[in-house]
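A short worksheet on the structure shown next.
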Number of protein chains: 2
Amino acid sequence: MNKITVQVPMQQAGSYPIMIGTGILYGLLDHIEKQFPKKSLFIITDEKLVQAGHFKLLTGDKNIPHYVITPAGEQSKNMTTLTAILETMEKYRLGRDTVVIGLGGGTVGDIAGFAAAVFKRGVPVVHIPTTTVAQADSSIGGKTGVDSSMSKNAYGCFWHPAAVFIDTVTLSTLDDVQYRTGLAESVKHAAIASSEYFVFLEKNCDAILRRETAVLEKIAEYNCRIKASVVEEDPTEKNKRRILNYGHTIGHAIESASDYKLLHGQCVAIGMIAAGKIEKAMGLVHDDRLERIEKLLTKLELPTKIEGGLRAHPAVSQLMDLLALDKKAVGKWPRFVVLEKLGTVYCRESQWAIEVKPEIVKQVIEEMFYD
Amino acid sequence: MNKITVQVPMQQAGSYPIMIGTGILYGLLDHIEKQFPKKSLFIITDEKLVQAGHFKLLTGDKNIPHYVITPAGEQSKNMTTLTAILETMEKYRLGRDTVVIGLGGGTVGDIAGFAAAVFKRGVPVVHIPTTTVAQADSSIGGKTGVDSSMSKNAYGCFWHPAAVFIDTVTLSTLDDVQYRTGLAESVKHAAIASSEYFVFLEKNCDAILRRETAVLEKIAEYNCRIKASVVEEDPTEKNKRRILNYGHTIGHAIESASDYKLLHGQCVAIGMIAAGKIEKAMGLVHDDRLERIEKLLTKLELPTKIEGGLRAHPAVSQLMDLLALDKKAVGKWPRFVVLEKLGTVYCRESQWAIEVKPEIVKQVIEEMFYD
């Protein structure tokens, strides 16, 4: 055999700005048009954002090609919607000089990022996250994707945004449950990366629940700084980025077992408590952090136990089976992210996710059900 | 507004091997399994490769999860097939430790690369190109994609293969038309990058048409070295990679106007002659290169004129309209790659594709029709 070696050059480093403010949607398109001169814009949003008036606030008198995801939410996060979006872009005869703008929550952002990544082999995407979870988490870091018929985020790319704009005003129209469940990602960020932020959340629970914009801007800043510092260090999740998975391993299993009737943030809240119980069972805890996390989640009206609604029985073995299917599992059993203390993830031998015996996990899950 | 800047680190350089031989399919999976220990394999191929026995030759007694694209060819190169492939991978419960193997021509390679790029946010792909066009061109360089309902390769990614294996034996089962049309890409490579290769092709036409393996291996090596050197310099087609577009700009328009009844290589052959006529019309030619290209294409039984079959009239204005829609067009009119001499592309002020007045293009197209 003859052998030829093809070199793939390195890709240059880059950067993107996250702008945080209150009432910035109005006039934002002018700003984006200046930032991307001579580009065609295409907006992806969903029916909820249209109903809430945010789409109109963004576009004003401009007639911008767009796609409205209907129905809003996870049920539309699939290849069918992706294809419909791409075909709409084709019908508008858009080309490589297009900038995709995603206005919405996690579903809109993930699918808009994916569409931008694959349209004409890649065009820039600008995220305007409008929910607590998207502003805290999914709009930063470049993960995009849609669900398969069997699992979440099964298909997608890493595709970093060209810019992110966070307007706290968009949070004002969220219903209470959606608003609160997204706060779980804020608690997660504080727990894994900043005890100062954790204290801030403890002190400002009431203002947060009242959606006071000054506090919301501060939270957005904390979240973005923490998320950004983690993804900068490990953009494609080879190791340290896994700390963002804190509360998510058991959380995902619960979410799946509930047939996604429980919301992501609710499951992450329960998952963080489960992680705390794992820490205790492994003898890693010598402080009151589990109690403080539990108290904060409770104040934010997030669940800390599994309250039924899982789709099969016996639910414990079902959750154990789902954990064995975790997409980050190594040899059919996942590793778990646990804390060293509030604000610091437990790390040994450069591993940010540790081995936990199935017996310990099983025992913890049993404790997680309401009597 | 508060501003936070997120750094996106550079991506390391890499490389991948292209192995060229005759009769290497048998036993190749063992080789691939050794190259990727502890990985699950998934093969994407099409019904023609199964019928020709190449799939069986590759897999032997092994029972490897796979997807057979049916019907074979461009008509299956769409989001529906991509989704079906991805769902099949999910049903086999494949994870991030999967290696996708694409065994086939351009359609298989493009779609296998795309599937690998988006499955679980990216897994490695190994290409085993089996046609003249795929071995010369599409398996190297990392372009992947599927067609939209309106245009070719509208959706896709850049996703470099982990390895490419070229077995000249697979060319033996191609029908004559498919075999010969793929040779157009070889003529293209010679014309833009190597006068030595061009002379080799001129001298070996008969052996090429007889599909003599020694000559086929030599051609594969020339093609891969040329293509590799171009994509190494400009992997995401910012500038110099455009030279690979020689013969393709008018070629694509003809292909589209024929509703893809004319094959890609046939249209590229005609497109290269059109490029030569543009060179002449612009006063850039002082040698016999156009005559030599025409003679070589004719010997390889490739067309050098438009022989009807276009879907609308008047066909000249239709081709002009299609050129204005070219996806690489800047301001509704494409740039054209032309030659300085055989083996060298015309380049001025670092531009590898030049402006050509529509009147000149129109006049050339008029000359390209059979009387």
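Within each chain, counting starts at residue 1; across the structure tokens, chains are named A, B, ... in the order shown, with ligands numbered 1 upward in that order.
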TODO: Find the residues of chain B in contact range of chain A, meaning any atom within 6 Å when counting only C-alpha atoms, and list them as a PyMOL selection string.
DONE: chain B and resi 1-21+118-121+154-157+228+232
Deliver the residues from the most recent selection as a file, using N, CA, C and O atoms, as a short mmCIF file (atom, residue, chain, number, x, y, z; two decimals), in the first residue's frame.
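This went into selection.cif:
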data_model
loop_
_atom_site.label_atom_id
_atom_site.label_comp_id
_atom_site.auth_asym_id
_atom_site.auth_seq_id
_atom_site.Cartn_x
_atom_site.Cartn_y
_atom_site.Cartn_z
N MET B 1 -25.01 48.28 29.26
CA MET B 1 -24.82 46.83 29.09
C MET B 1 -23.49 46.38 29.67
O MET B 1 -22.48 47.05 29.51
N ASN B 2 -23.53 45.25 30.34
CA ASN B 2 -22.30 44.60 30.77
C ASN B 2 -21.77 43.73 29.66
O ASN B 2 -22.54 43.11 28.93
N LYS B 3 -20.47 43.64 29.55
CA LYS B 3 -19.89 42.80 28.50
C LYS B 3 -18.91 41.80 29.09
O LYS B 3 -18.06 42.15 29.90
N ILE B 4 -19.07 40.56 28.68
CA ILE B 4 -18.14 39.51 29.06
C ILE B 4 -17.60 38.92 27.76
O ILE B 4 -18.36 38.73 26.81
N THR B 5 -16.31 38.66 27.71
CA THR B 5 -15.76 38.06 26.49
C THR B 5 -15.40 36.60 26.74
O THR B 5 -14.75 36.28 27.73
N VAL B 6 -15.88 35.73 25.85
CA VAL B 6 -15.58 34.30 25.97
C VAL B 6 -14.48 33.96 24.97
O VAL B 6 -14.61 34.27 23.78
N GLN B 7 -13.42 33.35 25.44
CA GLN B 7 -12.35 32.93 24.54
C GLN B 7 -12.66 31.55 23.97
O GLN B 7 -13.08 30.66 24.70
N VAL B 8 -12.45 31.40 22.68
CA VAL B 8 -12.55 30.07 22.06
C VAL B 8 -11.14 29.64 21.70
O VAL B 8 -10.50 30.25 20.84
N PRO B 9 -10.62 28.62 22.37
CA PRO B 9 -9.22 28.25 22.13
C PRO B 9 -9.02 27.72 20.73
O PRO B 9 -9.96 27.26 20.07
N MET B 10 -7.77 27.78 20.27
CA MET B 10 -7.47 27.21 18.95
C MET B 10 -7.63 25.70 19.01
O MET B 10 -7.58 25.09 20.07
N GLN B 11 -7.88 25.12 17.84
CA GLN B 11 -7.92 23.66 17.76
C GLN B 11 -6.59 23.17 17.21
O GLN B 11 -6.08 23.70 16.23
N GLN B 12 -6.08 22.16 17.85
CA GLN B 12 -4.79 21.61 17.46
C GLN B 12 -4.80 21.13 16.01
O GLN B 12 -5.81 20.69 15.51
N ALA B 13 -3.64 21.23 15.39
CA ALA B 13 -3.47 20.64 14.07
C ALA B 13 -3.52 19.12 14.19
O ALA B 13 -3.30 18.57 15.26
N GLY B 14 -3.83 18.46 13.10
CA GLY B 14 -3.86 17.00 13.10
C GLY B 14 -3.43 16.49 11.74
O GLY B 14 -2.92 17.25 10.90
N SER B 15 -3.64 15.22 11.51
CA SER B 15 -3.34 14.66 10.18
C SER B 15 -4.07 13.34 10.03
O SER B 15 -4.55 12.78 11.01
N TYR B 16 -4.23 12.91 8.80
CA TYR B 16 -4.81 11.59 8.58
C TYR B 16 -4.14 10.92 7.38
O TYR B 16 -3.67 11.61 6.47
N PRO B 17 -4.10 9.58 7.41
CA PRO B 17 -3.44 8.86 6.33
C PRO B 17 -4.40 8.50 5.19
O PRO B 17 -5.57 8.20 5.44
N ILE B 18 -3.90 8.53 3.97
CA ILE B 18 -4.61 7.95 2.83
C ILE B 18 -3.79 6.74 2.40
O ILE B 18 -2.61 6.87 2.09
N MET B 19 -4.41 5.57 2.41
CA MET B 19 -3.72 4.35 1.99
C MET B 19 -4.26 3.95 0.63
O MET B 19 -5.48 3.88 0.43
N ILE B 20 -3.36 3.69 -0.31
CA ILE B 20 -3.76 3.35 -1.67
C ILE B 20 -3.23 1.97 -2.03
O ILE B 20 -2.03 1.70 -1.83
N GLY B 21 -4.08 1.10 -2.55
CA GLY B 21 -3.61 -0.22 -2.94
C GLY B 21 -4.61 -0.93 -3.83
O GLY B 21 -5.65 -0.37 -4.20
N VAL B 118 -22.26 14.84 13.07
CA VAL B 118 -23.34 15.28 13.96
C VAL B 118 -23.83 14.21 14.93
O VAL B 118 -24.65 14.50 15.81
N PHE B 119 -23.34 12.98 14.82
CA PHE B 119 -23.79 11.94 15.77
C PHE B 119 -23.10 12.18 17.11
O PHE B 119 -21.88 12.18 17.18
N LYS B 120 -23.89 12.41 18.14
CA LYS B 120 -23.35 12.68 19.50
C LYS B 120 -22.32 13.81 19.45
O LYS B 120 -21.29 13.74 20.09
N ARG B 121 -22.58 14.78 18.63
CA ARG B 121 -21.70 15.94 18.42
C ARG B 121 -20.33 15.57 17.86
O ARG B 121 -19.34 16.27 18.08
N ALA B 154 -26.39 21.67 0.14
CA ALA B 154 -26.86 22.88 0.83
C ALA B 154 -26.58 22.80 2.33
O ALA B 154 -26.35 23.82 2.97
N TYR B 155 -26.62 21.57 2.88
CA TYR B 155 -26.44 21.41 4.32
C TYR B 155 -25.27 20.46 4.57
O TYR B 155 -25.16 19.42 3.92
N GLY B 156 -24.43 20.80 5.51
CA GLY B 156 -23.31 19.92 5.81
C GLY B 156 -22.32 20.59 6.75
O GLY B 156 -22.58 21.66 7.29
N CYS B 157 -21.19 19.93 6.93
CA CYS B 157 -20.14 20.42 7.82
C CYS B 157 -18.79 20.23 7.13
O CYS B 157 -18.69 19.51 6.16
N ALA B 228 -4.73 16.99 -1.45
CA ALA B 228 -4.26 17.18 -0.07
C ALA B 228 -3.49 18.49 0.06
O ALA B 228 -3.68 19.25 1.01
N GLU B 232 -4.81 21.36 2.54
CA GLU B 232 -3.94 21.67 3.68
C GLU B 232 -3.72 23.17 3.80
O GLU B 232 -3.68 23.73 4.89
#
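Running DSSP on the backbone and keeping only strand (DSSP E), the residues of range 75-137 of chain B that qualify are Thr98, Val99, Val100, Ile101, Gly102, Leu103, Gly104, Val125, Val126, His127, Ile128 and Pro129 of chain B.
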Dump all heavy atoms for the selected residues as a CSV table (one decimal), in the first residue's frame?
chain,number,residue,atom,x,y,z
B,98,THR,N,-18.0,5.5,18.7
B,98,THR,CA,-18.3,4.9,17.4
B,98,THR,C,-17.3,5.4,16.4
B,98,THR,O,-16.9,6.6,16.4
B,98,THR,CB,-19.7,5.1,17.0
B,98,THR,OG1,-20.6,4.7,18.1
B,98,THR,CG2,-20.1,4.5,15.7
B,99,VAL,N,-16.9,4.6,15.4
B,99,VAL,CA,-16.3,5.0,14.2
B,99,VAL,C,-17.2,4.7,13.0
B,99,VAL,O,-17.6,3.6,12.8
B,99,VAL,CB,-14.9,4.3,14.0
B,99,VAL,CG1,-14.3,4.7,12.7
B,99,VAL,CG2,-13.9,4.7,15.1
B,100,VAL,N,-17.5,5.7,12.2
B,100,VAL,CA,-18.4,5.5,11.1
B,100,VAL,C,-17.4,5.2,9.9
B,100,VAL,O,-16.4,5.9,9.7
B,100,VAL,CB,-19.2,6.8,10.8
B,100,VAL,CG1,-19.9,6.7,9.4
B,100,VAL,CG2,-20.2,7.0,11.9
B,101,ILE,N,-17.8,4.2,9.1
B,101,ILE,CA,-17.1,3.8,7.9
B,101,ILE,C,-18.0,4.1,6.7
B,101,ILE,O,-19.1,3.5,6.6
B,101,ILE,CB,-16.6,2.4,7.9
B,101,ILE,CG1,-15.7,2.1,9.1
B,101,ILE,CG2,-15.9,2.0,6.6
B,101,ILE,CD1,-15.3,0.7,9.4
B,102,GLY,N,-17.5,4.9,5.8
B,102,GLY,CA,-18.3,5.1,4.6
B,102,GLY,C,-17.7,4.4,3.4
B,102,GLY,O,-16.6,4.6,3.0
B,103,LEU,N,-18.4,3.4,2.9
B,103,LEU,CA,-18.0,2.5,1.8
B,103,LEU,C,-18.8,2.9,0.6
B,103,LEU,O,-20.0,2.5,0.5
B,103,LEU,CB,-18.1,1.0,2.1
B,103,LEU,CG,-17.9,0.0,1.0
B,103,LEU,CD1,-16.4,0.0,0.7
B,103,LEU,CD2,-18.4,-1.3,1.3
B,104,GLY,N,-18.3,3.6,-0.4
B,104,GLY,CA,-19.1,4.0,-1.5
B,104,GLY,C,-18.5,5.2,-2.3
B,104,GLY,O,-17.4,5.6,-2.1
B,125,VAL,N,-14.8,9.5,11.2
B,125,VAL,CA,-15.2,8.8,10.0
B,125,VAL,C,-14.0,8.3,9.2
B,125,VAL,O,-13.0,9.0,9.1
B,125,VAL,CB,-16.1,9.7,9.2
B,125,VAL,CG1,-15.4,11.0,8.6
B,125,VAL,CG2,-16.7,9.0,8.0
B,126,VAL,N,-14.2,7.1,8.7
B,126,VAL,CA,-13.2,6.5,7.8
B,126,VAL,C,-13.8,6.4,6.4
B,126,VAL,O,-14.9,5.8,6.3
B,126,VAL,CB,-12.7,5.1,8.3
B,126,VAL,CG1,-11.9,4.4,7.3
B,126,VAL,CG2,-12.0,5.3,9.6
B,127,HIS,N,-13.2,6.9,5.4
B,127,HIS,CA,-13.7,6.8,4.1
B,127,HIS,C,-13.1,5.7,3.3
B,127,HIS,O,-11.8,5.6,3.2
B,127,HIS,CB,-13.5,8.1,3.3
B,127,HIS,CG,-14.4,9.3,3.8
B,127,HIS,ND1,-15.8,9.1,3.9
B,127,HIS,CD2,-14.1,10.5,4.2
B,127,HIS,CE1,-16.3,10.3,4.3
B,127,HIS,NE2,-15.3,11.1,4.5
B,128,ILE,N,-13.9,4.9,2.6
B,128,ILE,CA,-13.4,3.9,1.6
B,128,ILE,C,-14.1,4.3,0.3
B,128,ILE,O,-15.1,3.7,0.0
B,128,ILE,CB,-13.7,2.5,2.1
B,128,ILE,CG1,-13.3,2.2,3.5
B,128,ILE,CG2,-13.1,1.5,1.1
B,128,ILE,CD1,-13.6,0.9,4.1
B,129,PRO,N,-13.5,5.2,-0.4
B,129,PRO,CA,-14.2,5.7,-1.7
B,129,PRO,C,-14.0,4.6,-2.8
B,129,PRO,O,-13.0,4.0,-2.9
B,129,PRO,CB,-13.4,6.9,-2.0
B,129,PRO,CG,-12.0,6.7,-1.4
B,129,PRO,CD,-12.3,6.0,-0.1
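Proximity to Val123 in chain B was assessed for B:Leu58, B:Leu41, B:Ala84, B:Ile360 counting only C-alpha atoms; the smallest distance is recorded for B:Leu41.
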- [ ] Run DSSP on the backbone of this structure and report the residues of range 88-333 of chain A it assigns to alpha helix (DSSP H), as number ranges by chain.
- [x] A: 88-91, 106-118, 132-133, 176-193, 195-203, 205-209, 213-233, 248-257, 264-281, 289-299, 315-324
Task: Pairwise distance for CA of Leu209 in chain B and CA of Gly265 in chain B, rounded to one decimal in Å - done: 15.4 Å
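Using only C-alpha atoms, the contacts of Thr249 in chain A at a cut-off of 9 Å, with sequence neighbours closer than 2 positions omitted, comprise Asn245, Tyr246, Gly247, Gly251, His252, Ala253, Ile254, Val268, Gly271, Ala275, Leu323, Asp326, Lys328, Pro334, Arg335, Phe336 and Val337 of chain A.
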Go ahead and write the residues just picked, all heavy atoms, as a compact mmCIF listing (two decimals), in the first residue's frame.
# COMPACT_ATOMS: atom_id res chain seq x y z
N ASN A 245 -21.61 18.96 34.56
CA ASN A 245 -22.54 17.84 34.63
C ASN A 245 -22.99 17.56 36.06
O ASN A 245 -23.78 16.64 36.29
CB ASN A 245 -21.85 16.61 34.06
CG ASN A 245 -22.72 15.92 33.05
OD1 ASN A 245 -23.49 16.58 32.35
ND2 ASN A 245 -22.61 14.62 32.98
N TYR A 246 -22.48 18.34 37.00
CA TYR A 246 -22.87 18.19 38.41
C TYR A 246 -24.41 18.22 38.52
O TYR A 246 -25.05 19.12 37.99
CB TYR A 246 -22.25 19.33 39.21
CG TYR A 246 -22.74 19.45 40.63
CD1 TYR A 246 -22.48 18.46 41.57
CD2 TYR A 246 -23.47 20.57 41.04
CE1 TYR A 246 -22.92 18.58 42.88
CE2 TYR A 246 -23.91 20.71 42.34
CZ TYR A 246 -23.64 19.71 43.26
OH TYR A 246 -24.10 19.83 44.54
N GLY A 247 -24.95 17.21 39.19
CA GLY A 247 -26.41 17.12 39.35
C GLY A 247 -27.12 16.60 38.12
O GLY A 247 -28.33 16.35 38.15
N GLY A 251 -29.87 13.39 37.44
CA GLY A 251 -30.92 14.28 36.93
C GLY A 251 -31.45 13.84 35.58
O GLY A 251 -32.67 13.74 35.37
N HIS A 252 -30.55 13.54 34.65
CA HIS A 252 -30.99 13.09 33.32
C HIS A 252 -31.78 11.80 33.40
O HIS A 252 -32.76 11.61 32.67
CB HIS A 252 -29.76 12.88 32.41
CG HIS A 252 -29.23 14.13 31.80
ND1 HIS A 252 -27.90 14.33 31.55
CD2 HIS A 252 -29.86 15.27 31.41
CE1 HIS A 252 -27.72 15.53 31.02
NE2 HIS A 252 -28.89 16.12 30.93
N ALA A 253 -31.34 10.89 34.26
CA ALA A 253 -32.05 9.60 34.38
C ALA A 253 -33.48 9.83 34.88
O ALA A 253 -34.44 9.25 34.36
CB ALA A 253 -31.28 8.67 35.32
N ILE A 254 -33.61 10.73 35.86
CA ILE A 254 -34.95 11.03 36.40
C ILE A 254 -35.81 11.69 35.32
O ILE A 254 -36.98 11.35 35.12
CB ILE A 254 -34.84 11.95 37.64
CG1 ILE A 254 -34.12 11.21 38.77
CG2 ILE A 254 -36.22 12.43 38.08
CD1 ILE A 254 -33.74 12.11 39.94
N VAL A 268 -32.42 18.45 37.73
CA VAL A 268 -31.05 18.84 38.13
C VAL A 268 -31.03 19.16 39.63
O VAL A 268 -30.08 18.80 40.34
CB VAL A 268 -30.56 20.04 37.30
CG1 VAL A 268 -29.27 20.61 37.87
CG2 VAL A 268 -30.36 19.61 35.85
N GLY A 271 -31.01 16.01 41.30
CA GLY A 271 -29.71 15.39 41.04
C GLY A 271 -28.59 15.97 41.90
O GLY A 271 -27.67 15.26 42.30
N ALA A 275 -26.26 13.97 44.41
CA ALA A 275 -24.79 14.06 44.42
C ALA A 275 -24.29 14.30 45.84
O ALA A 275 -23.30 13.70 46.28
CB ALA A 275 -24.33 15.18 43.49
N LEU A 323 -29.11 4.94 34.05
CA LEU A 323 -27.75 5.42 34.31
C LEU A 323 -26.72 4.64 33.50
O LEU A 323 -25.75 5.19 33.00
CB LEU A 323 -27.43 5.31 35.81
CG LEU A 323 -28.06 6.40 36.68
CD1 LEU A 323 -27.92 6.06 38.16
CD2 LEU A 323 -27.44 7.76 36.39
N ASP A 326 -26.33 6.11 30.15
CA ASP A 326 -25.87 7.51 30.08
C ASP A 326 -24.86 7.67 28.95
O ASP A 326 -23.94 6.89 28.79
CB ASP A 326 -25.24 7.90 31.42
CG ASP A 326 -24.91 9.39 31.48
OD1 ASP A 326 -23.86 9.79 30.91
OD2 ASP A 326 -25.68 10.14 32.08
N LYS A 328 -22.51 9.62 28.53
CA LYS A 328 -21.12 9.84 28.94
C LYS A 328 -20.56 8.66 29.72
O LYS A 328 -19.49 8.74 30.32
CB LYS A 328 -21.03 11.13 29.76
CG LYS A 328 -21.29 12.36 28.92
CD LYS A 328 -21.55 13.60 29.72
CE LYS A 328 -22.12 14.67 28.79
NZ LYS A 328 -22.60 15.85 29.49
N PRO A 334 -21.78 5.38 34.46
CA PRO A 334 -21.26 6.74 34.38
C PRO A 334 -20.35 7.08 35.56
O PRO A 334 -20.37 6.41 36.58
CB PRO A 334 -22.52 7.60 34.43
CG PRO A 334 -23.49 6.80 35.22
CD PRO A 334 -23.19 5.36 34.91
N ARG A 335 -19.57 8.13 35.39
CA ARG A 335 -18.85 8.73 36.50
C ARG A 335 -19.69 9.89 37.03
O ARG A 335 -20.57 10.39 36.33
CB ARG A 335 -17.49 9.23 36.02
CG ARG A 335 -16.51 8.10 35.79
CD ARG A 335 -15.35 8.49 34.91
NE ARG A 335 -14.45 7.36 34.75
CZ ARG A 335 -13.32 7.21 35.44
NH1 ARG A 335 -12.94 8.12 36.31
NH2 ARG A 335 -12.56 6.14 35.25
N PHE A 336 -19.43 10.28 38.25
CA PHE A 336 -20.26 11.29 38.89
C PHE A 336 -19.40 12.48 39.33
O PHE A 336 -18.28 12.32 39.78
CB PHE A 336 -20.97 10.69 40.12
CG PHE A 336 -21.98 9.63 39.75
CD1 PHE A 336 -21.56 8.34 39.43
CD2 PHE A 336 -23.33 9.93 39.68
CE1 PHE A 336 -22.49 7.36 39.06
CE2 PHE A 336 -24.26 8.96 39.32
CZ PHE A 336 -23.84 7.67 39.00
N VAL A 337 -19.99 13.69 39.15
CA VAL A 337 -19.33 14.89 39.63
C VAL A 337 -19.82 15.17 41.04
O VAL A 337 -21.04 15.25 41.26
CB VAL A 337 -19.65 16.09 38.71
CG1 VAL A 337 -19.00 17.36 39.23
CG2 VAL A 337 -19.20 15.80 37.28
- [ ] Between CA of Glu202 in chain B and CA of Glu294 in chain B, measure the distance and give it in Å to one decimal.
- [x] 11.1 Å
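Using only C-alpha atoms for every distance, the candidate list B:Ile278, B:Cys205, B:Ile43, B:Leu262 yields B:Cys205 as the residue closest to Glu301 in chain B.
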- [ ] List the neighbours of range 45-57 of chain A out to 12 Å using only C-alpha atoms; skip same-chain residues closer than 2 positions along the sequence, and give me the result as a PyMOL selection string.
- [x] chain A and resi 23-29+42-43+59-74+76-77+81+85+100-113+127-131+167-175
Filtering to C-alpha atoms, could you give me those residues as a CSV table (one decimal), in the first residue's frame?
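Output saved as selection.csv:
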chain,number,residue,atom,x,y,z
A,23,GLY,CA,-34.5,46.4,27.9
A,24,ILE,CA,-31.9,45.9,25.2
A,25,LEU,CA,-34.0,43.9,22.7
A,26,TYR,CA,-35.4,47.1,21.2
A,27,GLY,CA,-32.9,48.4,18.7
A,28,LEU,CA,-30.8,45.3,19.0
A,29,LEU,CA,-31.1,44.4,15.3
A,42,PHE,CA,-32.5,35.0,9.6
A,43,ILE,CA,-34.3,34.7,12.9
A,59,THR,CA,-37.8,43.1,14.8
A,60,GLY,CA,-39.9,46.3,15.0
A,61,ASP,CA,-40.7,47.5,11.5
A,62,LYS,CA,-38.1,45.3,9.9
A,63,ASN,CA,-39.3,42.4,7.7
A,64,ILE,CA,-36.7,39.8,8.5
A,65,PRO,CA,-36.9,36.2,7.1
A,66,HIS,CA,-37.7,34.0,10.1
A,67,TYR,CA,-39.0,30.6,11.3
A,68,VAL,CA,-41.3,30.2,14.3
A,69,ILE,CA,-41.0,26.8,16.0
A,70,THR,CA,-44.5,25.5,16.7
A,71,PRO,CA,-45.3,24.1,19.2
A,72,ALA,CA,-42.7,25.7,21.4
A,73,GLY,CA,-40.5,23.4,23.5
A,74,GLU,CA,-38.7,20.1,23.6
A,76,SER,CA,-40.2,20.2,18.5
A,77,LYS,CA,-36.5,19.7,19.0
A,81,THR,CA,-37.9,20.9,12.7
A,85,ILE,CA,-35.9,25.5,9.2
A,100,VAL,CA,-28.7,33.1,12.1
A,101,ILE,CA,-30.3,34.7,15.2
A,102,GLY,CA,-31.8,32.4,17.8
A,103,LEU,CA,-34.4,34.2,20.0
A,104,GLY,CA,-35.7,31.9,22.7
A,105,GLY,CA,-35.0,29.3,25.3
A,106,GLY,CA,-32.9,26.2,25.2
A,107,THR,CA,-34.8,24.5,22.4
A,108,VAL,CA,-34.6,27.5,20.1
A,109,GLY,CA,-30.9,28.1,20.9
A,110,ASP,CA,-29.8,24.5,20.4
A,111,ILE,CA,-31.7,24.1,17.1
A,112,ALA,CA,-30.7,27.6,15.9
A,113,GLY,CA,-27.0,26.8,16.6
A,127,HIS,CA,-28.0,33.8,20.6
A,128,ILE,CA,-30.6,35.9,22.4
A,129,PRO,CA,-31.5,33.5,25.2
A,130,THR,CA,-34.8,34.4,26.9
A,131,THR,CA,-35.2,31.9,29.7
A,167,ASP,CA,-32.0,40.9,28.1
A,168,THR,CA,-33.5,40.3,31.6
A,169,VAL,CA,-36.8,41.7,30.4
A,170,THR,CA,-37.5,38.5,28.5
A,171,LEU,CA,-37.6,36.7,31.9
A,172,SER,CA,-40.6,38.8,33.0
A,173,THR,CA,-43.0,36.9,30.8
A,174,LEU,CA,-42.0,33.3,31.8
A,175,ASP,CA,-44.5,31.3,33.8
Task: Proximity to Ile354 in chain B - best of B:His31, B:Arg242, B:Arg210, B:Arg180, only C-alpha atoms - done: B:Arg242
